[in-house]
Amino acid sequence: MSELKFTLTVVEATNCPSADANGKSDPYIVVKLGSLSFKTDVIKANINPTWKSSTFNMSSNAPTDSIELVMFDWDKNGKDTELAKTQFSPSRLIQQPNIDEWIDMAVTKKPGSKLSSMLSKHNSK
């Protein structure tokens with residue numbers, strides 16, 4: 001497989017686990033692909049966050065590469081708490097150049113969390 005260049009946009013999440021005493025969370029997403037790691041902004045006190053500027057340019061050289069998305073709750077004092085995660089292969093873009101979908105996340109605290117993301121393949125030049 002030749003290098004696959006694409007963008008990943010984290011759009012929104014629904015039904016996030018609450019990790020704070022107020023019944024909310026301060027969620028953010030970490031996106032990992034190989035040695036690359038990207039992070040969205042923290043959305044404070046929200047279990048249905050929308051991210052405004054979370055588009056990441058990425059590339060993959062191997063069909064076995066996997067994109068991992070991990071949702072954390074930001075904590076002012078102490079360690080951030082992992083809330084949910086999922087993974088998928090960017091090789092799906094070979095046959096479908098634009099994917100806009102909700103992704104189920106494996107949640108440690110509250111089943112039913114979903115993440116909306118968009119993948120778009122870059123045009124080769």
# chains A, B, ... in the order shown; residues from 1 in each chain; ligands from 1
>>> select_by_dssp(residues="chain A", states="helix (DSSP H, G or I)", output="PyMOL selection string")
chain A and resi 90-94
>>> residues_around(residues="Asn57 in chain A", least_positions_apart="5", cutoff="9 Å", atoms="only C-alpha atoms", output="number ranges by chain")
A: 5-9
>>> write_last_selection(atoms="C-alpha atoms", output="PDB file, in the first residue's frame")
ATOM      1  CA  LYS A   5      -2.936  10.749   3.332  1.00  0.00           C
ATOM      2  CA  PHE A   6      -6.168  11.745   5.034  1.00  0.00           C
ATOM      3  CA  THR A   7      -7.792  14.033   7.565  1.00  0.00           C
ATOM      4  CA  LEU A   8      -9.640  12.950  10.650  1.00  0.00           C
ATOM      5  CA  THR A   9     -12.140  15.337  12.218  1.00  0.00           C
TER       6      THR A   9
END
>>> select_by_dssp(residues="chain A", states="strand (DSSP E or B)", output="PyMOL selection string")
chain A and resi 4-14+27-33+36-39+50+55-60+67-73+81-88+98-104+106-107+114-121
>>> residues_around(residues="Val107 in chain A", least_positions_apart="6", cutoff="9 Å", atoms="only C-alpha atoms", output="mmCIF file with all heavy atoms, in the first residue's frame")
data_model
loop_
_atom_site.group_PDB
_atom_site.id
_atom_site.type_symbol
_atom_site.label_atom_id
_atom_site.label_comp_id
_atom_site.auth_asym_id
_atom_site.auth_seq_id
_atom_site.Cartn_x
_atom_site.Cartn_y
_atom_site.Cartn_z
ATOM 1 N N CYS A 16 -21.611 10.812 27.077
ATOM 2 C CA CYS A 16 -20.314 10.554 27.698
ATOM 3 C C CYS A 16 -20.500 10.191 29.173
ATOM 4 O O CYS A 16 -21.401 10.710 29.825
ATOM 5 C CB CYS A 16 -19.417 11.796 27.621
ATOM 6 S SG CYS A 16 -19.012 12.302 25.960
ATOM 7 N N PRO A 17 -19.648 9.356 29.689
ATOM 8 C CA PRO A 17 -19.717 9.052 31.115
ATOM 9 C C PRO A 17 -19.454 10.297 31.952
ATOM 10 O O PRO A 17 -18.627 11.128 31.593
ATOM 11 C CB PRO A 17 -18.587 8.033 31.319
ATOM 12 C CG PRO A 17 -18.289 7.494 29.969
ATOM 13 C CD PRO A 17 -18.604 8.604 29.007
ATOM 14 N N GLU A 82 -9.489 8.075 32.060
ATOM 15 C CA GLU A 82 -9.924 7.517 30.780
ATOM 16 C C GLU A 82 -11.398 7.147 30.885
ATOM 17 O O GLU A 82 -11.819 6.474 31.814
ATOM 18 C CB GLU A 82 -9.107 6.274 30.431
ATOM 19 C CG GLU A 82 -9.479 5.696 29.085
ATOM 20 C CD GLU A 82 -8.647 4.480 28.701
ATOM 21 O OE1 GLU A 82 -7.415 4.564 28.734
ATOM 22 O OE2 GLU A 82 -9.272 3.453 28.387
ATOM 23 N N LEU A 83 -12.187 7.601 29.894
ATOM 24 C CA LEU A 83 -13.623 7.346 29.901
ATOM 25 C C LEU A 83 -14.042 6.291 28.884
ATOM 26 O O LEU A 83 -14.934 5.499 29.151
ATOM 27 C CB LEU A 83 -14.393 8.638 29.605
ATOM 28 C CG LEU A 83 -14.192 9.796 30.580
ATOM 29 C CD1 LEU A 83 -14.940 11.027 30.074
ATOM 30 C CD2 LEU A 83 -14.650 9.414 31.975
ATOM 31 N N ALA A 84 -13.425 6.326 27.691
ATOM 32 C CA ALA A 84 -13.850 5.429 26.614
ATOM 33 C C ALA A 84 -12.777 5.380 25.544
ATOM 34 O O ALA A 84 -11.922 6.260 25.468
ATOM 35 C CB ALA A 84 -15.159 5.931 26.012
ATOM 36 N N LYS A 85 -12.854 4.331 24.706
ATOM 37 C CA LYS A 85 -11.921 4.268 23.578
ATOM 38 C C LYS A 85 -12.458 3.391 22.472
ATOM 39 O O LYS A 85 -13.358 2.575 22.673
ATOM 40 C CB LYS A 85 -10.540 3.814 24.009
ATOM 41 C CG LYS A 85 -10.433 2.420 24.537
ATOM 42 C CD LYS A 85 -8.972 2.132 24.872
ATOM 43 C CE LYS A 85 -8.834 1.121 25.949
ATOM 44 N NZ LYS A 85 -7.447 0.899 26.325
ATOM 45 N N THR A 86 -11.873 3.579 21.303
ATOM 46 C CA THR A 86 -12.209 2.763 20.138
ATOM 47 C C THR A 86 -11.022 2.798 19.189
ATOM 48 O O THR A 86 -10.116 3.623 19.345
ATOM 49 C CB THR A 86 -13.484 3.269 19.435
ATOM 50 O OG1 THR A 86 -13.921 2.306 18.480
ATOM 51 C CG2 THR A 86 -13.247 4.599 18.745
ATOM 52 N N SER A 113 -21.956 5.349 24.941
ATOM 53 C CA SER A 113 -21.295 6.555 24.444
ATOM 54 C C SER A 113 -20.954 6.380 22.971
ATOM 55 O O SER A 113 -20.567 5.313 22.533
ATOM 56 C CB SER A 113 -20.017 6.840 25.229
ATOM 57 O OG SER A 113 -20.322 7.235 26.532
#
>>> atom_distance(atom1="CA of Ser60 in chain A", atom2="CA of Leu4 in chain A")
5.2 Å
>>> atom_distance(atom1="CA of Asp41 in chain A", atom2="CA of Lys24 in chain A")
16.3 Å
>>> closest_residue(among="A:Val11, A:Ile29, A:Met105, A:Ile99", to="Trp51 in chain A", atoms="only C-alpha atoms")
A:Val11
>>> residues_around(residues="range 75-77 of chain A", least_positions_apart="3", cutoff="10 Å", atoms="only C-alpha atoms", output="count of residues only")
8
>>> atom_distance(atom1="CA of Thr14 in chain A", atom2="CA of Ile67 in chain A")
20.1 Å
